[in-house]
$ cat input.cif   # mmCIF, C-alpha atoms
data_upload
#
loop_
_atom_site.label_atom_id
_atom_site.label_comp_id
_atom_site.auth_asym_id
_atom_site.auth_seq_id
_atom_site.Cartn_x
_atom_site.Cartn_y
_atom_site.Cartn_z
CA MET A 1 121.95 90.29 93.51
CA LYS A 2 124.09 89.55 96.54
CA ILE A 3 123.23 86.04 97.73
CA ILE A 4 124.53 84.11 100.74
CA VAL A 5 124.43 80.30 100.69
CA LEU A 6 124.62 78.68 104.12
CA GLY A 7 126.35 75.31 103.89
CA ALA A 8 129.17 74.10 101.64
CA GLY A 9 128.08 70.50 101.20
CA VAL A 10 127.27 69.13 97.77
CA VAL A 11 123.84 70.85 97.75
CA GLY A 12 125.11 74.23 98.92
CA THR A 13 128.10 74.17 96.58
CA THR A 14 126.07 73.27 93.50
CA THR A 15 123.59 76.00 94.43
CA ALA A 16 126.41 78.54 94.66
CA TYR A 17 127.81 77.41 91.31
CA TYR A 18 124.50 77.82 89.48
CA LEU A 19 123.79 81.16 91.14
CA ALA A 20 127.20 82.45 90.08
CA ARG A 21 126.64 81.13 86.58
CA ALA A 22 123.40 83.12 86.53
CA GLY A 23 125.39 86.28 87.24
CA HIS A 24 124.85 86.77 90.98
CA GLN A 25 127.39 87.79 93.61
CA VAL A 26 127.61 84.76 95.88
CA ASP A 27 129.14 84.08 99.29
CA VAL A 28 129.13 80.63 100.92
CA ILE A 29 129.49 80.22 104.69
CA ASP A 30 130.36 76.93 106.42
CA ARG A 31 131.75 75.96 109.81
CA GLN A 32 134.11 73.37 108.32
CA PRO A 33 137.61 74.17 106.96
CA ALA A 34 136.67 73.12 103.40
CA ALA A 35 133.74 72.12 101.21
CA GLY A 36 132.04 68.74 101.46
CA MET A 37 133.31 67.81 104.92
CA GLU A 38 130.10 66.58 106.58
CA THR A 39 127.29 64.49 105.05
CA SER A 40 128.86 64.81 101.58
CA PHE A 41 132.20 63.43 102.80
CA ALA A 42 131.81 59.65 102.46
CA ASN A 43 128.31 58.79 101.26
CA ALA A 44 127.50 55.68 99.23
CA GLY A 45 128.61 57.29 95.95
CA GLN A 46 125.41 56.68 94.01
CA VAL A 47 123.82 59.08 91.53
CA SER A 48 120.65 57.03 91.31
CA PRO A 49 117.56 58.66 89.82
CA GLY A 50 115.93 55.30 89.23
CA TYR A 51 116.44 54.28 92.84
CA SER A 52 114.89 57.50 94.14
CA ALA A 53 112.10 56.47 96.46
CA PRO A 54 110.80 57.55 99.85
CA TRP A 55 111.46 55.44 102.91
CA ALA A 56 107.77 55.82 103.72
CA GLY A 57 105.80 53.28 101.73
CA PRO A 58 103.12 50.60 101.97
CA GLY A 59 104.03 47.92 104.49
CA ILE A 60 106.96 49.87 105.93
CA PRO A 61 105.72 49.80 109.56
CA LEU A 62 105.68 45.99 109.50
CA LYS A 63 108.97 45.82 107.61
CA ALA A 64 110.55 48.22 110.09
CA MET A 65 109.66 45.93 112.99
CA LYS A 66 111.23 42.99 111.16
CA TRP A 67 114.33 45.00 110.24
CA MET A 68 114.91 45.98 113.86
CA LEU A 69 114.89 42.30 114.87
CA MET A 70 117.51 41.27 112.29
CA THR A 71 121.09 40.56 113.30
CA HIS A 72 122.27 42.91 110.55
CA ARG A 73 119.65 45.62 110.90
CA PRO A 74 118.96 48.15 108.12
CA LEU A 75 117.04 50.31 110.62
CA VAL A 76 117.80 51.32 114.19
CA ILE A 77 115.64 53.60 116.34
CA ARG A 78 117.10 54.94 119.57
CA PRO A 79 114.16 56.52 121.45
CA LEU A 80 114.92 60.02 122.72
CA LEU A 81 113.02 62.53 124.86
CA ASP A 82 112.58 64.69 121.79
CA PRO A 83 108.98 65.61 120.83
CA PHE A 84 110.04 66.48 117.29
CA MET A 85 111.51 63.00 116.75
CA TRP A 86 108.14 61.41 117.56
CA ARG A 87 106.17 63.97 115.54
CA TRP A 88 108.46 63.42 112.57
CA MET A 89 107.97 59.64 112.76
CA ALA A 90 104.20 60.14 112.97
CA LEU A 91 104.30 62.29 109.83
CA MET A 92 106.37 59.62 108.11
CA LEU A 93 103.82 56.94 109.03
CA ARG A 94 101.10 59.10 107.45
CA ASN A 95 103.04 58.85 104.19
CA CYS A 96 103.11 55.04 104.23
CA SER A 97 99.98 54.60 102.10
CA GLU A 98 100.12 53.43 98.50
CA ALA A 99 98.69 56.74 97.24
CA ALA A 100 101.26 58.84 99.13
CA TYR A 101 104.10 56.57 98.03
CA GLN A 102 103.21 56.95 94.36
CA VAL A 103 103.00 60.76 94.64
CA ASN A 104 106.22 61.08 96.62
CA LYS A 105 108.22 58.69 94.48
CA SER A 106 107.06 60.27 91.23
CA ARG A 107 108.20 63.75 92.26
CA MET A 108 111.48 62.42 93.63
CA VAL A 109 112.18 60.64 90.34
CA ARG A 110 111.25 63.82 88.44
CA LEU A 111 113.84 65.85 90.34
CA ALA A 112 116.48 63.12 90.31
CA GLU A 113 116.22 62.54 86.55
CA TYR A 114 116.56 66.28 85.98
CA ALA A 115 119.51 66.40 88.36
CA ARG A 116 121.28 63.63 86.47
CA ASP A 117 120.88 65.59 83.23
CA CYS A 118 122.20 68.74 84.95
CA LEU A 119 125.20 66.80 86.27
CA ARG A 120 126.01 65.53 82.80
CA ALA A 121 125.82 69.05 81.38
CA LEU A 122 127.98 70.42 84.21
CA ARG A 123 130.54 67.68 83.63
CA GLU A 124 130.70 68.56 79.95
CA GLU A 125 130.95 72.31 80.67
CA THR A 126 133.65 72.09 83.32
CA GLY A 127 135.53 68.83 82.69
CA ILE A 128 135.24 68.08 86.41
CA ALA A 129 136.62 64.67 87.50
CA TYR A 130 135.46 62.78 90.59
CA ASP A 131 135.95 59.00 90.00
CA ALA A 132 132.75 59.03 87.96
CA ARG A 133 131.31 56.00 86.19
CA GLN A 134 128.22 55.72 84.01
CA ARG A 135 127.54 52.00 84.42
CA GLY A 136 124.13 51.88 86.08
CA THR A 137 122.89 50.52 89.41
CA LEU A 138 121.86 46.94 90.20
CA GLN A 139 119.31 46.41 92.96
CA LEU A 140 119.93 42.85 94.09
CA PHE A 141 117.16 40.62 95.47
CA ARG A 142 117.95 37.69 97.72
CA THR A 143 114.34 36.45 98.11
CA GLN A 144 111.37 35.64 95.90
CA LYS A 145 109.24 38.01 97.96
CA GLN A 146 111.48 40.91 96.97
CA LEU A 147 111.18 39.94 93.31
CA ASP A 148 107.40 39.75 93.61
CA HIS A 149 107.30 43.43 94.65
CA VAL A 150 109.28 44.68 91.62
CA PRO A 151 106.15 45.62 89.60
CA GLU A 152 105.20 48.17 92.27
CA ASP A 153 108.37 50.17 91.59
CA THR A 154 108.48 49.63 87.84
CA ARG A 155 105.02 51.18 87.48
CA VAL A 156 106.43 54.48 88.71
CA LEU A 157 109.53 54.06 86.54
CA ASP A 158 107.29 53.46 83.51
CA ALA A 159 105.27 56.57 84.30
CA GLY A 160 108.47 58.63 84.55
CA GLY A 161 110.03 57.15 81.41
CA VAL A 162 112.95 55.70 83.41
CA ALA A 163 114.82 52.86 81.70
CA TYR A 164 115.20 49.61 83.63
CA GLU A 165 115.85 45.88 83.21
CA VAL A 166 114.43 43.09 85.39
CA LEU A 167 117.15 40.44 85.53
CA ASP A 168 117.42 36.82 86.59
CA ARG A 169 120.54 35.51 88.31
CA ALA A 170 122.43 35.11 85.03
CA GLY A 171 121.49 38.62 83.97
CA CYS A 172 122.79 40.05 87.25
CA ILE A 173 126.11 38.27 86.73
CA ALA A 174 126.33 39.57 83.17
CA ALA A 175 125.91 43.11 84.50
CA GLU A 176 128.23 42.59 87.49
CA PRO A 177 130.61 39.69 86.69
CA ALA A 178 132.10 39.56 90.20
CA LEU A 179 128.73 38.32 91.47
CA ALA A 180 129.50 34.95 89.88
CA ARG A 181 131.51 34.25 93.04
CA SER A 182 128.39 34.59 95.19
CA ALA A 183 125.75 33.30 92.76
CA GLY A 184 123.93 31.30 95.42
CA LYS A 185 123.21 34.41 97.50
CA PHE A 186 120.59 36.06 95.24
CA LEU A 187 117.79 35.28 92.80
CA GLY A 188 117.62 38.31 90.54
CA GLY A 189 117.68 42.07 90.34
CA LEU A 190 116.45 45.35 88.92
CA ARG A 191 119.05 47.20 86.87
CA LEU A 192 118.83 50.93 86.25
CA PRO A 193 121.20 51.60 83.33
CA GLY A 194 120.86 55.40 83.49
CA ASP A 195 122.27 55.66 87.01
CA GLU A 196 125.83 56.79 87.72
CA THR A 197 128.41 56.69 90.49
CA GLY A 198 131.08 59.07 91.77
CA ASP A 199 132.83 60.50 94.81
CA ALA A 200 130.63 63.31 96.16
CA HIS A 201 133.45 64.69 98.30
CA GLN A 202 135.82 65.02 95.34
CA PHE A 203 133.05 66.54 93.26
CA THR A 204 132.12 69.09 95.94
CA GLN A 205 135.68 70.22 96.58
CA ARG A 206 136.51 70.52 92.89
CA LEU A 207 133.27 72.33 92.07
CA ALA A 208 133.96 74.72 94.97
CA ALA A 209 137.31 75.53 93.34
CA ILE A 210 135.57 76.13 90.00
CA ALA A 211 132.96 78.33 91.69
CA ALA A 212 135.70 80.30 93.46
CA GLY A 213 137.25 80.92 90.04
CA MET A 214 133.90 82.39 88.99
CA GLY A 215 133.96 84.84 91.89
CA VAL A 216 132.16 82.90 94.64
CA VAL A 217 133.63 83.74 98.05
CA PHE A 218 133.83 80.86 100.54
CA HIS A 219 133.99 81.70 104.25
CA TYR A 220 135.20 78.55 105.99
CA GLY A 221 135.55 77.96 109.72
CA ALA A 222 132.65 80.30 110.46
CA THR A 223 129.93 79.04 112.77
CA ILE A 224 126.52 80.20 111.54
CA GLU A 225 124.81 81.74 114.57
CA ARG A 226 121.55 83.29 113.44
CA LEU A 227 119.65 84.74 110.55
CA LEU A 228 119.19 88.51 110.46
CA ALA A 229 115.58 89.45 109.76
CA GLU A 230 113.02 92.08 110.57
CA GLY A 231 109.65 93.08 109.22
CA GLY A 232 109.13 89.66 107.64
CA ARG A 233 112.27 89.92 105.51
CA VAL A 234 115.72 88.40 105.84
CA SER A 235 118.68 90.77 105.47
CA GLY A 236 121.63 88.45 106.07
CA VAL A 237 123.26 86.18 108.62
CA GLN A 238 125.54 86.42 111.62
CA ALA A 239 128.43 83.94 111.46
CA GLY A 240 131.58 83.89 113.55
CA GLY A 241 130.45 87.09 115.21
CA ILE A 242 130.30 88.93 111.88
CA ALA A 243 127.12 90.23 110.24
CA HIS A 244 126.96 89.39 106.52
CA THR A 245 124.26 91.21 104.57
CA ALA A 246 122.58 90.03 101.38
CA ASP A 247 119.53 90.42 99.16
CA ARG A 248 118.76 86.70 99.39
CA VAL A 249 119.81 83.92 101.77
CA VAL A 250 119.73 80.20 100.92
CA VAL A 251 119.70 77.68 103.77
CA ALA A 252 121.44 74.48 102.62
CA MET A 253 122.66 73.21 105.98
CA GLY A 254 121.18 69.73 105.81
CA SER A 255 120.06 68.39 109.18
CA PHE A 256 121.15 71.60 110.92
CA SER A 257 118.76 73.79 108.92
CA ARG A 258 115.87 73.27 111.34
CA ARG A 259 117.64 74.82 114.33
CA LEU A 260 118.57 77.93 112.36
CA LEU A 261 115.05 78.52 111.07
CA ALA A 262 113.08 77.89 114.27
CA PRO A 263 113.63 81.40 115.74
CA LEU A 264 111.96 82.85 112.65
CA GLY A 265 108.85 80.72 113.21
CA ILE A 266 109.56 78.17 110.48
CA ASP A 267 108.92 74.60 111.59
CA LEU A 268 111.16 72.66 109.23
CA PRO A 269 110.20 68.96 109.05
CA VAL A 270 113.78 67.71 108.60
CA TYR A 271 115.23 65.06 110.91
CA PRO A 272 118.83 63.73 110.94
CA VAL A 273 118.84 60.08 109.84
CA LYS A 274 122.26 58.67 110.59
CA GLY A 275 124.05 56.65 107.92
CA TYR A 276 127.35 54.80 107.90
CA SER A 277 129.97 53.86 105.34
CA LEU A 278 133.20 51.92 104.92
CA THR A 279 135.80 53.02 102.38
CA VAL A 280 138.04 50.11 101.47
CA PRO A 281 140.91 49.58 99.00
CA ILE A 282 140.08 47.10 96.24
CA ALA A 283 142.03 43.86 96.70
CA ASP A 284 141.00 42.08 93.48
CA PRO A 285 139.60 44.27 90.69
CA ALA A 286 137.88 41.26 89.09
CA GLY A 287 136.17 40.51 92.37
CA ALA A 288 134.79 44.04 92.88
CA PRO A 289 131.64 45.63 91.41
CA VAL A 290 131.93 47.63 88.21
CA SER A 291 129.38 50.17 89.48
CA THR A 292 126.87 50.05 92.38
CA VAL A 293 125.14 46.98 93.73
CA MET A 294 122.34 47.63 96.21
CA ASP A 295 121.80 44.72 98.59
CA GLU A 296 118.05 45.07 99.07
CA THR A 297 117.86 42.80 102.10
CA TYR A 298 120.27 44.86 104.21
CA LYS A 299 119.79 48.20 102.41
CA VAL A 300 123.54 48.40 101.76
CA ALA A 301 125.03 50.00 98.63
CA ILE A 302 128.41 48.71 97.42
CA THR A 303 130.03 51.09 94.95
CA ARG A 304 133.28 51.16 93.02
CA LEU A 305 135.06 54.53 93.27
CA GLY A 306 138.33 54.33 91.36
CA GLU A 307 140.60 51.93 93.26
CA ARG A 308 138.29 51.91 96.29
CA MET A 309 134.99 50.38 97.29
CA ARG A 310 132.48 52.47 99.22
CA ILE A 311 130.04 50.42 101.31
CA GLY A 312 127.22 52.57 102.63
CA GLY A 313 123.89 52.11 104.32
CA THR A 314 121.70 51.63 107.37
CA ALA A 315 119.33 54.21 108.83
CA GLU A 316 119.58 55.14 112.48
CA LEU A 317 117.32 57.59 114.27
CA ALA A 318 119.48 58.83 117.14
CA GLY A 319 119.30 62.61 117.04
CA PHE A 320 122.59 64.34 116.26
CA SER A 321 124.81 61.58 117.64
CA ALA A 322 128.07 61.09 115.71
CA VAL A 323 129.13 57.96 117.62
CA LEU A 324 130.42 55.16 115.39
CA SER A 325 128.48 51.97 116.08
CA GLU A 326 130.36 48.69 115.71
CA PRO A 327 127.19 46.67 114.94
CA ARG A 328 126.54 49.00 111.99
CA ARG A 329 130.10 48.43 110.80
CA ALA A 330 129.51 44.69 111.02
CA THR A 331 126.40 44.96 108.84
CA LEU A 332 128.26 46.85 106.11
CA ALA A 333 131.19 44.44 106.22
CA PHE A 334 128.90 41.39 106.15
CA SER A 335 127.02 42.54 103.05
CA ALA A 336 130.20 43.42 101.15
CA HIS A 337 131.99 40.19 102.03
CA ASP A 338 128.91 38.07 101.37
CA LEU A 339 128.47 39.40 97.82
CA PHE A 340 132.09 40.28 96.93
CA PRO A 341 134.24 37.94 99.06
CA ASP A 342 137.45 38.72 97.17
CA GLY A 343 136.77 42.33 96.26
CA CYS A 344 138.23 44.35 99.10
CA ASP A 345 140.48 44.28 102.15
CA LEU A 346 138.06 44.98 104.98
CA ALA A 347 140.90 45.09 107.50
CA LYS A 348 141.91 48.42 105.94
CA ALA A 349 138.43 49.95 105.97
CA GLN A 350 137.84 53.57 107.02
CA PHE A 351 134.63 53.80 109.05
CA TRP A 352 132.49 56.96 108.84
CA THR A 353 129.08 58.26 109.81
CA GLY A 354 127.01 61.21 108.61
CA LEU A 355 123.59 62.75 109.20
CA ARG A 356 121.17 62.61 106.29
CA PRO A 357 118.57 65.41 106.38
CA MET A 358 115.28 63.63 105.74
CA THR A 359 111.71 64.85 105.36
CA PRO A 360 108.77 62.60 106.33
CA ASP A 361 107.72 62.20 102.68
CA GLY A 362 111.28 61.80 101.31
CA THR A 363 111.04 64.83 99.01
CA PRO A 364 113.45 67.73 99.64
CA LEU A 365 112.40 71.27 100.44
CA ILE A 366 113.37 73.64 97.65
CA GLY A 367 112.17 77.19 97.14
CA ALA A 368 110.95 80.27 98.95
CA THR A 369 109.81 80.45 102.57
CA PRO A 370 107.20 82.71 104.23
CA ILE A 371 110.11 85.03 105.11
CA GLU A 372 110.83 87.31 102.17
CA GLY A 373 114.28 86.75 100.68
CA LEU A 374 114.81 83.43 102.51
CA PHE A 375 115.06 80.23 100.46
CA LEU A 376 115.54 76.54 101.23
CA ASN A 377 117.53 73.77 99.60
CA THR A 378 117.57 70.98 102.15
CA GLY A 379 115.91 67.73 103.24
CA HIS A 380 117.34 65.47 100.53
CA GLY A 381 117.76 62.46 102.83
CA THR A 382 119.88 59.74 101.22
CA LEU A 383 119.73 61.47 97.83
CA GLY A 384 121.65 64.70 98.30
CA TRP A 385 124.36 63.63 95.86
CA THR A 386 121.81 62.31 93.37
CA MET A 387 119.64 65.45 93.44
CA SER A 388 122.25 68.14 94.08
CA CYS A 389 122.76 69.55 90.59
CA GLY A 390 119.06 69.59 89.80
CA SER A 391 118.23 71.20 93.14
CA GLY A 392 120.92 73.85 92.70
CA ARG A 393 119.89 74.66 89.15
CA LEU A 394 116.19 74.75 90.07
CA LEU A 395 116.71 77.13 92.98
CA ALA A 396 119.03 79.37 90.97
CA ASP A 397 116.32 79.68 88.32
CA LEU A 398 113.68 80.52 90.92
CA ILE A 399 115.82 83.20 92.57
CA SER A 400 116.78 84.62 89.17
CA GLY A 401 113.15 84.90 88.07
CA ARG A 402 113.50 82.28 85.33
CA ALA A 403 110.98 79.54 84.68
CA PRO A 404 112.52 76.22 85.82
CA ASP A 405 112.76 73.33 83.38
CA ILE A 406 110.61 71.04 85.55
CA ALA A 407 107.51 71.38 87.73
CA TYR A 408 108.66 72.62 91.10
CA GLU A 409 105.69 73.76 93.19
CA ASP A 410 105.45 70.49 95.13
CA PHE A 411 109.02 70.85 96.44
CA ALA A 412 108.10 73.95 98.47
CA ILE A 413 107.68 73.99 102.24
CA GLY A 414 104.02 74.94 101.75
CA ARG A 415 103.08 71.28 101.46
CA TYR A 416 103.63 71.05 105.21
CA ALA A 417 102.07 74.47 105.88
CA ARG A 418 102.92 74.77 109.55
CA LEU A 419 104.61 77.54 111.48
CA VAL A 420 105.80 77.19 115.07
#

$ encode --input "input.cif" --output "structure tokens"
Amino acid sequence: MKIIVLGAGVVGTTTAYYLARAGHQVDVIDRQPAAGMETSFANAGQVSPGYSAPWAGPGIPLKAMKWMLMTHRPLVIRPLLDPFMWRWMALMLRNCSEAAYQVNKSRMVRLAEYARDCLRALREETGIAYDARQRGTLQLFRTQKQLDHVPEDTRVLDAGGVAYEVLDRAGCIAAEPALARSAGKFLGGLRLPGDETGDAHQFTQRLAAIAAGMGVVFHYGATIERLLAEGGRVSGVQAGGIAHTADRVVVAMGSFSRRLLAPLGIDLPVYPVKGYSLTVPIADPAGAPVSTVMDETYKVAITRLGERMRIGGTAELAGFSAVLSEPRRATLAFSAHDLFPDGCDLAKAQFWTGLRPMTPDGTPLIGATPIEGLFLNTGHGTLGWTMSCGSGRLLADLISGRAPDIAYEDFAIGRYARLV
């Protein structure tokens, strides 16, 4: 089949790779000059199945109010005259019950664990290099209250068969020796030894090159204008003033997917949640993390990527704004310096922001739509890099008529069941 993938981020590129591997003729269209230039460009670098969890959870409304009053705020809401913003937040609040959290987290972990296995297989098949490390993730707790809530998450990890270790301060330092220099800042942690790290931008660009070698055609610098459809079936897309026809179309445009789909009557519940990162050269290798440390208090991930540290985090609801906020920079810098005071040279940091495409329940939207021939692979929120290979492989199997390796029905848009 001739298939067009819209979007050349990490999700779109992995989808194109798996579709080509399945024997399809694949074109990828993106407005940027190369692959992985938007949300995949400078994310936190985590491939974290064990840390896969929805933002919506029990107690989140109260926590959100506290977060927004902190000096270094993990969450910022900039109210806009946008009805969808408020409807999306209302849907998210509906997912803040214990029952919804358990359902949402369990399916996110299911996909993320599968994606990690797919990534490992892809790495073995292709030999792709992207500053990868397989050294786990350490979620660091500064307070006793945070430690007291660990059993809530480990119940889901137990149910999913995900390996973990609950560590005291000494155990955290054994896993991440550089934390000895800030031992008074934390009490303990939750380590997920199966998690990995790596540069999503490097991975996406190198996988795009591999896919091109398999026959995938990438059309860069082409603004995607509208989907071509009639009679309840999609026939292609218009991009850069050119009509591209196909048997199937996959929308993997992250936060921008909603706008494209609205004219066809599909009300996509994906909102752009703005995130920030600093990329900093390592000053003292012994003072830097060996993998990823997640500062639970400030929701900041500090990851080693080769000779660099990537410091990523915060969630800001501000529409499609790409303005770099200095207070958000200060939060990232504070967390990194507080935990790894000698690890990096913050004066040389590169500051970046990107738009994470998030659904109210945290689970991505993968699969067919009510429009024949039109498929989705979007809404991964903070976990696009973590879930990309599993999402791409799953969708390629569905389009190819093969039975996927994991349960997939609850990733479909039907769980929202609303048309404009």

$ resolve_selection --input "input.cif" --expression "the PyMOL selection byres ((chain A and resi 383-397) around 6)" --output "list in words"
Val11, Thr14, Thr15, Tyr18, Leu19, Val47, Ser48, Ala112, Tyr114, Ala115, Cys118, Leu119, His380, Gly381, Thr382, Leu398, Ile399, Ser400, Arg402 and Pro404 of chain A

$ residues_around --input "input.cif" --residues "Tyr220 (chain A)" --least-positions-apart "5" --cutoff "12 Å" --atoms "only C-alpha atoms" --output "PyMOL selection string"
chain A and resi 6-9+27-37+208+239-240

$ resolve_selection --input "input.cif" --expression "the PyMOL selection byres ((chain A and resi 132) around 8)" --output "CSV table (one decimal) with C-alpha atoms, in the coordinates of the input"
chain,number,residue,atom,x,y,z
A,129,ALA,CA,136.6,64.7,87.5
A,130,TYR,CA,135.5,62.8,90.6
A,131,ASP,CA,136.0,59.0,90.0
A,133,ARG,CA,131.3,56.0,86.2
A,134,GLN,CA,128.2,55.7,84.0
A,196,GLU,CA,125.8,56.8,87.7
A,197,THR,CA,128.4,56.7,90.5
A,198,GLY,CA,131.1,59.1,91.8
A,199,ASP,CA,132.8,60.5,94.8
A,305,LEU,CA,135.1,54.5,93.3

$ residues_around --input "input.cif" --residues "Gly231 (chain A)" --least-positions-apart "6" --cutoff "12 Å" --atoms "all atoms listed in the file" --output "PDB file with C-alpha atoms, keeping the file's coordinate frame"
ATOM      1  CA  LEU A 264     111.960  82.850 112.650  1.00  0.00           C
ATOM      2  CA  PRO A 370     107.200  82.710 104.230  1.00  0.00           C
ATOM      3  CA  ILE A 371     110.110  85.030 105.110  1.00  0.00           C
ATOM      4  CA  GLU A 372     110.830  87.310 102.170  1.00  0.00           C
ATOM      5  CA  GLY A 373     114.280  86.750 100.680  1.00  0.00           C
TER       6      GLY A 373
END

$ resolve_selection --input "input.cif" --expression "the PyMOL selection byres ((chain A and resi 215) around 9)" --output "number ranges by chain"
A: 20, 25-27, 211-214, 216-217

$ residues_around --input "input.cif" --residues "Asn95 (chain A)" --least-positions-apart "4" --cutoff "7 Å" --atoms "only C-alpha atoms" --output "PyMOL selection string"
chain A and resi 56-57+91+100-101+361

$ build_atoms --input "input.cif" --residues "region 325-340 of chain A" --atoms "N, CA and C atoms" --output "short mmCIF file (atom, residue, chain, number, x, y, z; two decimals), keeping the file's coordinate frame"
data_model
loop_
_atom_site.label_atom_id
_atom_site.label_comp_id
_atom_site.auth_asym_id
_atom_site.auth_seq_id
_atom_site.Cartn_x
_atom_site.Cartn_y
_atom_site.Cartn_z
N SER A 325 129.03 53.18 115.49
CA SER A 325 128.48 51.97 116.08
C SER A 325 129.10 50.73 115.45
N GLU A 326 129.73 49.90 116.25
CA GLU A 326 130.36 48.69 115.71
C GLU A 326 129.37 47.71 115.09
N PRO A 327 128.16 47.53 115.64
CA PRO A 327 127.19 46.67 114.94
C PRO A 327 126.85 47.15 113.54
N ARG A 328 126.81 48.47 113.34
CA ARG A 328 126.54 49.00 111.99
C ARG A 328 127.71 48.69 111.07
N ARG A 329 128.92 48.80 111.59
CA ARG A 329 130.10 48.43 110.80
C ARG A 329 130.02 46.96 110.38
N ALA A 330 129.60 46.12 111.31
CA ALA A 330 129.51 44.69 111.02
C ALA A 330 128.51 44.41 109.91
N THR A 331 127.40 45.15 109.90
CA THR A 331 126.40 44.96 108.84
C THR A 331 126.97 45.31 107.47
N LEU A 332 127.65 46.44 107.38
CA LEU A 332 128.26 46.85 106.11
C LEU A 332 129.29 45.83 105.65
N ALA A 333 130.14 45.40 106.57
CA ALA A 333 131.19 44.44 106.22
C ALA A 333 130.59 43.10 105.80
N PHE A 334 129.54 42.67 106.49
CA PHE A 334 128.90 41.39 106.15
C PHE A 334 128.36 41.42 104.73
N SER A 335 127.61 42.46 104.38
CA SER A 335 127.02 42.54 103.05
C SER A 335 128.09 42.53 101.96
N ALA A 336 129.14 43.34 102.16
CA ALA A 336 130.20 43.42 101.15
C ALA A 336 130.93 42.09 101.00
N HIS A 337 131.26 41.46 102.10
CA HIS A 337 131.99 40.19 102.03
C HIS A 337 131.11 39.07 101.49
N ASP A 338 129.82 39.10 101.83
CA ASP A 338 128.91 38.07 101.37
C ASP A 338 128.74 38.08 99.86
N LEU A 339 128.68 39.27 99.27
CA LEU A 339 128.47 39.40 97.82
C LEU A 339 129.77 39.49 97.03
N PHE A 340 130.80 40.09 97.62
CA PHE A 340 132.09 40.28 96.93
C PHE A 340 133.22 39.79 97.84
#
